[in-house]
Amino acid sequence: MADRILLIGMMGAGKSSVGRLVAARLTWAHLDSDERIQKRTGRTVPQIFAERGEAAFRAEEAQVLAEAVTGSEPCVVSVAGGAVLSADNRRLLRSGGLVVWLRAELPTLATRVGRAEGRPLLNRDPLEDLTRLYTERRPLYQDLADVAIDVDHISPSDVADKVVAAHHAHRVRAAQRDGAGA
Ligand code: S3P
């Protein structure tokens, strides 16, 4: 399997910016699932939700994810927050590389999404919507993650350092396992 880091977590956790930084540090490719969908469809995420509905968006998301985890190049994937809702996606992620959960508390997420422009699942009261979504998703992120990094009080650059360190530790463990089995 190609080297791959899969960043999961809620919207506002910093998956896109941290993904870019980690990819630059490792000189790997970076794939952001929302960006890829927008490129493929020529529509923004809110446009897809408005014109074709959430189910159509989720179908695009599943396709992009399947492509992302079968590529042969080392890659950091910023996985959009809702992708973990699908059992098929969870299976892909589990077998696709090192899964890193950028874990943030609700007040952090609410501050970062601000007025939630461009986020079709958030309405007039983003904190209320985030609370509802996080209640459903938190156990999924928790279950899926090989590593969780608390991002509340640290900069994206420091989060990126921790992701890179987790990747190196994972490699060392894998090499030890292979050595022990040889
Ligand atoms: C969503 C997260 C968004 C985007 C869409 C739905 C979700 O991506 O895919 O608005 O269901 O959590 P980010 O997590 O990159 O913000």
# chains A, B, ... in the order shown; residues from 1 in each chain; ligands from 1

$ select_by_dssp --residues "region 27-117 of chain A" --states "strand (DSSP E or B)" --output "list in words"
Ala29, His30, Leu31, Asp32, Cys75, Val76, Val77, Ser78, Leu98, Val99, Val100, Trp101, Leu102 and Arg103 of chain A

$ write_last_selection --atoms "N, CA, C and O atoms" --output "compact mmCIF listing (two decimals), in the first residue's frame"
# COMPACT_ATOMS: atom_id res chain seq x y z
N ALA A 29 1.85 14.31 -2.25
CA ALA A 29 0.68 14.97 -2.85
C ALA A 29 -0.35 15.26 -1.75
O ALA A 29 -0.35 14.62 -0.70
N HIS A 30 -1.22 16.23 -2.03
CA HIS A 30 -2.33 16.52 -1.11
C HIS A 30 -3.63 16.46 -1.88
O HIS A 30 -3.74 17.03 -2.96
N LEU A 31 -4.59 15.76 -1.31
CA LEU A 31 -5.91 15.70 -1.93
C LEU A 31 -6.95 16.11 -0.90
O LEU A 31 -7.00 15.55 0.20
N ASP A 32 -7.74 17.12 -1.25
CA ASP A 32 -8.82 17.57 -0.37
C ASP A 32 -10.13 17.11 -1.01
O ASP A 32 -10.40 17.46 -2.16
N CYS A 75 0.38 10.18 -0.29
CA CYS A 75 -0.62 11.25 -0.36
C CYS A 75 -1.20 11.55 1.02
O CYS A 75 -1.39 10.65 1.84
N VAL A 76 -1.46 12.82 1.27
CA VAL A 76 -2.22 13.23 2.45
C VAL A 76 -3.63 13.55 1.96
O VAL A 76 -3.79 14.32 1.01
N VAL A 77 -4.63 12.94 2.59
CA VAL A 77 -6.00 13.18 2.17
C VAL A 77 -6.75 13.92 3.28
O VAL A 77 -6.82 13.45 4.42
N SER A 78 -7.29 15.09 2.94
CA SER A 78 -8.16 15.81 3.87
C SER A 78 -9.58 15.33 3.58
O SER A 78 -10.15 15.65 2.53
N LEU A 98 -2.81 5.68 7.41
CA LEU A 98 -2.85 6.09 8.82
C LEU A 98 -3.97 7.11 8.99
O LEU A 98 -3.96 8.18 8.37
N VAL A 99 -4.95 6.77 9.83
CA VAL A 99 -6.10 7.66 10.02
C VAL A 99 -5.85 8.55 11.24
O VAL A 99 -5.66 8.06 12.35
N VAL A 100 -5.81 9.85 11.00
CA VAL A 100 -5.52 10.81 12.08
C VAL A 100 -6.74 11.71 12.28
O VAL A 100 -7.18 12.39 11.36
N TRP A 101 -7.25 11.68 13.49
CA TRP A 101 -8.43 12.50 13.85
C TRP A 101 -7.95 13.83 14.40
O TRP A 101 -7.24 13.85 15.42
N LEU A 102 -8.31 14.91 13.73
CA LEU A 102 -8.04 16.24 14.28
C LEU A 102 -9.22 16.56 15.19
O LEU A 102 -10.31 16.92 14.74
N ARG A 103 -8.98 16.38 16.48
CA ARG A 103 -10.08 16.42 17.46
C ARG A 103 -10.17 17.82 18.07
O ARG A 103 -9.19 18.34 18.59

$ residues_near_ligand --ligand "ligand 1" --cutoff "7 Å" --atoms "only C-alpha atoms and all ligand atoms" --output "PDB file with all heavy atoms, in the first residue's frame"
ATOM      1  N   GLY A   9     -12.212  14.405  10.806  1.00  0.00           N
ATOM      2  CA  GLY A   9     -12.651  15.298  11.876  1.00  0.00           C
ATOM      3  C   GLY A   9     -13.760  16.202  11.372  1.00  0.00           C
ATOM      4  O   GLY A   9     -14.094  16.219  10.185  1.00  0.00           O
ATOM      5  N   MET A  10     -14.308  16.966  12.315  1.00  0.00           N
ATOM      6  CA  MET A  10     -15.441  17.833  11.995  1.00  0.00           C
ATOM      7  C   MET A  10     -15.035  19.014  11.121  1.00  0.00           C
ATOM      8  O   MET A  10     -13.863  19.366  11.038  1.00  0.00           O
ATOM      9  CB  MET A  10     -15.997  18.397  13.309  1.00  0.00           C
ATOM     10  CG  MET A  10     -16.762  17.398  14.135  1.00  0.00           C
ATOM     11  SD  MET A  10     -18.374  17.016  13.424  1.00  0.00           S
ATOM     12  CE  MET A  10     -19.267  18.527  13.824  1.00  0.00           C
ATOM     13  N   MET A  11     -16.041  19.636  10.485  1.00  0.00           N
ATOM     14  CA  MET A  11     -15.734  20.872   9.763  1.00  0.00           C
ATOM     15  C   MET A  11     -15.219  21.908  10.769  1.00  0.00           C
ATOM     16  O   MET A  11     -15.702  21.991  11.891  1.00  0.00           O
ATOM     17  CB  MET A  11     -16.949  21.409   9.000  1.00  0.00           C
ATOM     18  CG  MET A  11     -18.272  21.266   9.661  1.00  0.00           C
ATOM     19  SD  MET A  11     -19.576  21.787   8.522  1.00  0.00           S
ATOM     20  CE  MET A  11     -20.749  20.463   8.701  1.00  0.00           C
ATOM     21  N   GLY A  12     -14.197  22.620  10.351  1.00  0.00           N
ATOM     22  CA  GLY A  12     -13.604  23.607  11.245  1.00  0.00           C
ATOM     23  C   GLY A  12     -12.417  23.064  12.037  1.00  0.00           C
ATOM     24  O   GLY A  12     -11.736  23.811  12.733  1.00  0.00           O
ATOM     25  N   LYS A  15      -8.671  20.384   8.750  1.00  0.00           N
ATOM     26  CA  LYS A  15      -8.168  19.275   7.916  1.00  0.00           C
ATOM     27  C   LYS A  15      -7.502  19.775   6.628  1.00  0.00           C
ATOM     28  O   LYS A  15      -6.479  19.252   6.214  1.00  0.00           O
ATOM     29  CB  LYS A  15      -9.313  18.314   7.558  1.00  0.00           C
ATOM     30  CG  LYS A  15     -10.024  17.733   8.768  1.00  0.00           C
ATOM     31  CD  LYS A  15     -11.185  16.853   8.358  1.00  0.00           C
ATOM     32  CE  LYS A  15     -12.300  17.559   7.613  1.00  0.00           C
ATOM     33  NZ  LYS A  15     -13.121  18.485   8.418  1.00  0.00           N
ATOM     34  N   SER A  16      -8.094  20.802   6.006  1.00  0.00           N
ATOM     35  CA  SER A  16      -7.552  21.274   4.726  1.00  0.00           C
ATOM     36  C   SER A  16      -6.212  21.977   4.928  1.00  0.00           C
ATOM     37  O   SER A  16      -5.228  21.666   4.246  1.00  0.00           O
ATOM     38  CB  SER A  16      -8.537  22.220   4.033  1.00  0.00           C
ATOM     39  OG  SER A  16      -9.744  21.526   3.796  1.00  0.00           O
ATOM     40  N   ASP A  34     -13.347  17.744  -0.726  1.00  0.00           N
ATOM     41  CA  ASP A  34     -14.295  18.752  -1.226  1.00  0.00           C
ATOM     42  C   ASP A  34     -13.761  19.445  -2.483  1.00  0.00           C
ATOM     43  O   ASP A  34     -14.499  19.664  -3.452  1.00  0.00           O
ATOM     44  CB  ASP A  34     -14.558  19.831  -0.159  1.00  0.00           C
ATOM     45  CG  ASP A  34     -15.528  19.354   0.910  1.00  0.00           C
ATOM     46  OD1 ASP A  34     -16.183  18.325   0.717  1.00  0.00           O
ATOM     47  OD2 ASP A  34     -15.626  20.039   1.952  1.00  0.00           O
ATOM     48  N   VAL A  45     -19.577  23.112  -3.280  1.00  0.00           N
ATOM     49  CA  VAL A  45     -20.309  22.192  -2.394  1.00  0.00           C
ATOM     50  C   VAL A  45     -21.729  22.708  -2.123  1.00  0.00           C
ATOM     51  O   VAL A  45     -22.705  21.955  -2.280  1.00  0.00           O
ATOM     52  CB  VAL A  45     -19.510  21.948  -1.081  1.00  0.00           C
ATOM     53  CG1 VAL A  45     -20.340  21.173  -0.069  1.00  0.00           C
ATOM     54  CG2 VAL A  45     -18.201  21.219  -1.389  1.00  0.00           C
ATOM     55  N   VAL A  79     -10.117  14.530   4.495  1.00  0.00           N
ATOM     56  CA  VAL A  79     -11.390  13.847   4.263  1.00  0.00           C
ATOM     57  C   VAL A  79     -12.518  14.711   4.839  1.00  0.00           C
ATOM     58  O   VAL A  79     -12.521  15.002   6.041  1.00  0.00           O
ATOM     59  CB  VAL A  79     -11.391  12.463   4.960  1.00  0.00           C
ATOM     60  CG1 VAL A  79     -12.713  11.752   4.750  1.00  0.00           C
ATOM     61  CG2 VAL A  79     -10.219  11.610   4.486  1.00  0.00           C
ATOM     62  N   ALA A  80     -13.469  15.107   4.014  1.00  0.00           N
ATOM     63  CA  ALA A  80     -14.545  15.983   4.489  1.00  0.00           C
ATOM     64  C   ALA A  80     -15.277  15.340   5.666  1.00  0.00           C
ATOM     65  O   ALA A  80     -15.389  14.110   5.759  1.00  0.00           O
ATOM     66  CB  ALA A  80     -15.510  16.295   3.358  1.00  0.00           C
ATOM     67  N   GLY A  81     -15.772  16.200   6.558  1.00  0.00           N
ATOM     68  CA  GLY A  81     -16.276  15.770   7.862  1.00  0.00           C
ATOM     69  C   GLY A  81     -17.336  14.694   7.861  1.00  0.00           C
ATOM     70  O   GLY A  81     -17.389  13.852   8.761  1.00  0.00           O
ATOM     71  N   GLY A  82     -18.204  14.685   6.818  1.00  0.00           N
ATOM     72  CA  GLY A  82     -19.329  13.763   6.839  1.00  0.00           C
ATOM     73  C   GLY A  82     -19.050  12.423   6.185  1.00  0.00           C
ATOM     74  O   GLY A  82     -19.901  11.524   6.203  1.00  0.00           O
ATOM     75  N   ALA A  83     -17.849  12.256   5.636  1.00  0.00           N
ATOM     76  CA  ALA A  83     -17.554  11.019   4.887  1.00  0.00           C
ATOM     77  C   ALA A  83     -17.636   9.786   5.788  1.00  0.00           C
ATOM     78  O   ALA A  83     -17.948   8.685   5.322  1.00  0.00           O
ATOM     79  CB  ALA A  83     -16.175  11.113   4.239  1.00  0.00           C
ATOM     80  N   ARG A 119     -21.232  26.374   4.058  1.00  0.00           N
ATOM     81  CA  ARG A 119     -21.393  25.094   4.756  1.00  0.00           C
ATOM     82  C   ARG A 119     -22.888  24.769   4.843  1.00  0.00           C
ATOM     83  O   ARG A 119     -23.573  25.200   5.764  1.00  0.00           O
ATOM     84  CB  ARG A 119     -20.762  25.156   6.134  1.00  0.00           C
ATOM     85  CG  ARG A 119     -19.269  25.475   6.088  1.00  0.00           C
ATOM     86  CD  ARG A 119     -18.640  25.328   7.447  1.00  0.00           C
ATOM     87  NE  ARG A 119     -17.299  25.844   7.478  1.00  0.00           N
ATOM     88  CZ  ARG A 119     -16.196  25.121   7.271  1.00  0.00           C
ATOM     89  NH1 ARG A 119     -16.294  23.848   6.985  1.00  0.00           N
ATOM     90  NH2 ARG A 119     -15.010  25.684   7.356  1.00  0.00           N
ATOM     91  N   PRO A 120     -23.353  24.010   3.873  1.00  0.00           N
ATOM     92  CA  PRO A 120     -24.801  23.818   3.740  1.00  0.00           C
ATOM     93  C   PRO A 120     -25.472  23.103   4.910  1.00  0.00           C
ATOM     94  O   PRO A 120     -26.679  23.216   5.074  1.00  0.00           O
ATOM     95  CB  PRO A 120     -24.941  22.998   2.452  1.00  0.00           C
ATOM     96  CG  PRO A 120     -23.592  22.478   2.145  1.00  0.00           C
ATOM     97  CD  PRO A 120     -22.605  23.391   2.781  1.00  0.00           C
ATOM     98  N   LEU A 121     -24.708  22.391   5.735  1.00  0.00           N
ATOM     99  CA  LEU A 121     -25.358  21.688   6.846  1.00  0.00           C
ATOM    100  C   LEU A 121     -25.491  22.562   8.096  1.00  0.00           C
ATOM    101  O   LEU A 121     -26.078  22.151   9.085  1.00  0.00           O
ATOM    102  CB  LEU A 121     -24.593  20.407   7.196  1.00  0.00           C
ATOM    103  CG  LEU A 121     -24.668  19.303   6.135  1.00  0.00           C
ATOM    104  CD1 LEU A 121     -23.925  18.070   6.613  1.00  0.00           C
ATOM    105  CD2 LEU A 121     -26.110  18.944   5.807  1.00  0.00           C
TER     106      LEU A 121
END

$ select_by_dssp --residues "region 10-127 of chain A" --states "alpha helix (DSSP H)" --output "PyMOL selection string"
chain A and resi 15-26+33-41+45-52+54-68+87-96+106-113+126-127

$ closest_residue --among "A:Asp152, A:Glu35, A:Glu105, A:Asp88" --to "Ala62 (chain A)" --atoms "only C-alpha atoms"
A:Asp88

$ atom_distance --atom1 "CA of Thr131 (chain A)" --atom2 "CA of Ser33 (chain A)"
22.9 Å

$ atom_distance --atom1 "CA of Thr70 (chain A)" --atom2 "CA of Trp28 (chain A)"
15.1 Å

$ residues_around --residues "Arg25 (chain A)" --least-positions-apart "4" --cutoff "9 Å" --atoms "only C-alpha atoms" --output "number ranges by chain"
A: 20-21, 160-161, 164

$ closest_residue --among "A:Tyr134, A:Gly42, A:Asp125, A:Asn89" --to "Leu106 (chain A)" --atoms "only C-alpha atoms"
A:Tyr134

$ residues_around --residues "Pro107 (chain A)" --least-positions-apart "4" --cutoff "9 Å" --atoms "only C-alpha atoms" --output "PyMOL selection string"
chain A and resi 111-112+127

$ write_last_selection --atoms "N, CA, C and O atoms" --output "PDB file, in the first residue's frame"
ATOM      1  N   THR A 111     -16.210  28.639  16.706  1.00  0.00           N
ATOM      2  CA  THR A 111     -15.444  29.862  16.443  1.00  0.00           C
ATOM      3  C   THR A 111     -14.851  29.810  15.048  1.00  0.00           C
ATOM      4  O   THR A 111     -14.901  30.786  14.297  1.00  0.00           O
ATOM      5  N   ARG A 112     -14.325  28.654  14.686  1.00  0.00           N
ATOM      6  CA  ARG A 112     -13.639  28.570  13.385  1.00  0.00           C
ATOM      7  C   ARG A 112     -14.592  28.622  12.196  1.00  0.00           C
ATOM      8  O   ARG A 112     -14.240  29.156  11.154  1.00  0.00           O
ATOM      9  N   LEU A 127     -23.575  26.607  16.214  1.00  0.00           N
ATOM     10  CA  LEU A 127     -23.177  25.790  17.368  1.00  0.00           C
ATOM     11  C   LEU A 127     -24.186  24.671  17.616  1.00  0.00           C
ATOM     12  O   LEU A 127     -23.814  23.532  17.898  1.00  0.00           O
TER      13      LEU A 127
END

$ residues_around --residues "Phe57 (chain A)" --least-positions-apart "3" --cutoff "10 Å" --atoms "only C-alpha atoms" --output "mmCIF file with N, CA, C and O atoms, in the first residue's frame"
data_model
loop_
_atom_site.group_PDB
_atom_site.id
_atom_site.type_symbol
_atom_site.label_atom_id
_atom_site.label_comp_id
_atom_site.auth_asym_id
_atom_site.auth_seq_id
_atom_site.Cartn_x
_atom_site.Cartn_y
_atom_site.Cartn_z
ATOM 1 N N ASP A 34 -13.347 17.744 -0.726
ATOM 2 C CA ASP A 34 -14.295 18.752 -1.226
ATOM 3 C C ASP A 34 -13.761 19.445 -2.483
ATOM 4 O O ASP A 34 -14.499 19.664 -3.452
ATOM 5 N N ILE A 37 -14.095 17.206 -5.464
ATOM 6 C CA ILE A 37 -15.485 17.132 -5.941
ATOM 7 C C ILE A 37 -15.820 18.392 -6.741
ATOM 8 O O ILE A 37 -16.452 18.330 -7.800
ATOM 9 N N VAL A 45 -19.577 23.112 -3.280
ATOM 10 C CA VAL A 45 -20.309 22.192 -2.394
ATOM 11 C C VAL A 45 -21.729 22.708 -2.123
ATOM 12 O O VAL A 45 -22.705 21.955 -2.280
ATOM 13 N N PRO A 46 -21.925 23.983 -1.767
ATOM 14 C CA PRO A 46 -23.305 24.457 -1.550
ATOM 15 C C PRO A 46 -24.171 24.327 -2.801
ATOM 16 O O PRO A 46 -25.365 24.011 -2.702
ATOM 17 N N GLN A 47 -23.582 24.539 -3.969
ATOM 18 C CA GLN A 47 -24.378 24.386 -5.207
ATOM 19 C C GLN A 47 -24.826 22.939 -5.373
ATOM 20 O O GLN A 47 -25.975 22.689 -5.731
ATOM 21 N N ILE A 48 -23.936 21.989 -5.100
ATOM 22 C CA ILE A 48 -24.322 20.580 -5.268
ATOM 23 C C ILE A 48 -25.453 20.236 -4.297
ATOM 24 O O ILE A 48 -26.445 19.600 -4.664
ATOM 25 N N PHE A 49 -25.318 20.671 -3.050
ATOM 26 C CA PHE A 49 -26.381 20.403 -2.069
ATOM 27 C C PHE A 49 -27.704 21.017 -2.542
ATOM 28 O O PHE A 49 -28.755 20.383 -2.463
ATOM 29 N N ALA A 50 -27.635 22.263 -3.040
ATOM 30 C CA ALA A 50 -28.872 22.966 -3.409
ATOM 31 C C ALA A 50 -29.500 22.367 -4.667
ATOM 32 O O ALA A 50 -30.718 22.220 -4.756
ATOM 33 N N GLU A 51 -28.659 21.994 -5.643
ATOM 34 C CA GLU A 51 -29.212 21.568 -6.939
ATOM 35 C C GLU A 51 -29.527 20.078 -6.990
ATOM 36 O O GLU A 51 -30.478 19.658 -7.632
ATOM 37 N N ARG A 52 -28.711 19.268 -6.298
ATOM 38 C CA ARG A 52 -28.870 17.811 -6.453
ATOM 39 C C ARG A 52 -29.122 17.101 -5.131
ATOM 40 O O ARG A 52 -29.385 15.898 -5.118
ATOM 41 N N GLY A 53 -28.988 17.821 -4.006
ATOM 42 C CA GLY A 53 -29.285 17.228 -2.700
ATOM 43 C C GLY A 53 -28.076 16.570 -2.060
ATOM 44 O O GLY A 53 -27.065 16.306 -2.706
ATOM 45 N N GLU A 54 -28.229 16.290 -0.756
ATOM 46 C CA GLU A 54 -27.093 15.741 0.002
ATOM 47 C C GLU A 54 -26.706 14.343 -0.498
ATOM 48 O O GLU A 54 -25.525 14.010 -0.561
ATOM 49 N N GLU A 60 -20.780 11.534 -4.755
ATOM 50 C CA GLU A 60 -19.537 12.106 -5.310
ATOM 51 C C GLU A 60 -18.393 11.903 -4.314
ATOM 52 O O GLU A 60 -17.279 11.537 -4.681
ATOM 53 N N GLU A 61 -18.711 12.130 -3.062
ATOM 54 C CA GLU A 61 -17.699 12.025 -1.996
ATOM 55 C C GLU A 61 -17.141 10.598 -1.929
ATOM 56 O O GLU A 61 -15.924 10.401 -1.811
ATOM 57 N N ALA A 62 -18.025 9.613 -2.020
ATOM 58 C CA ALA A 62 -17.600 8.208 -1.943
ATOM 59 C C ALA A 62 -16.675 7.870 -3.113
ATOM 60 O O ALA A 62 -15.674 7.173 -2.941
#

$ closest_residue --among "A:Val113, A:Ala104, A:Arg173, A:Arg36" --to "Asp150 (chain A)" --atoms "only C-alpha atoms"
A:Ala104

$ closest_residue --among "A:Asp146, A:Asp3, A:Asp158, A:Glu67" --to "Arg171 (chain A)" --atoms "only C-alpha atoms"
A:Asp3
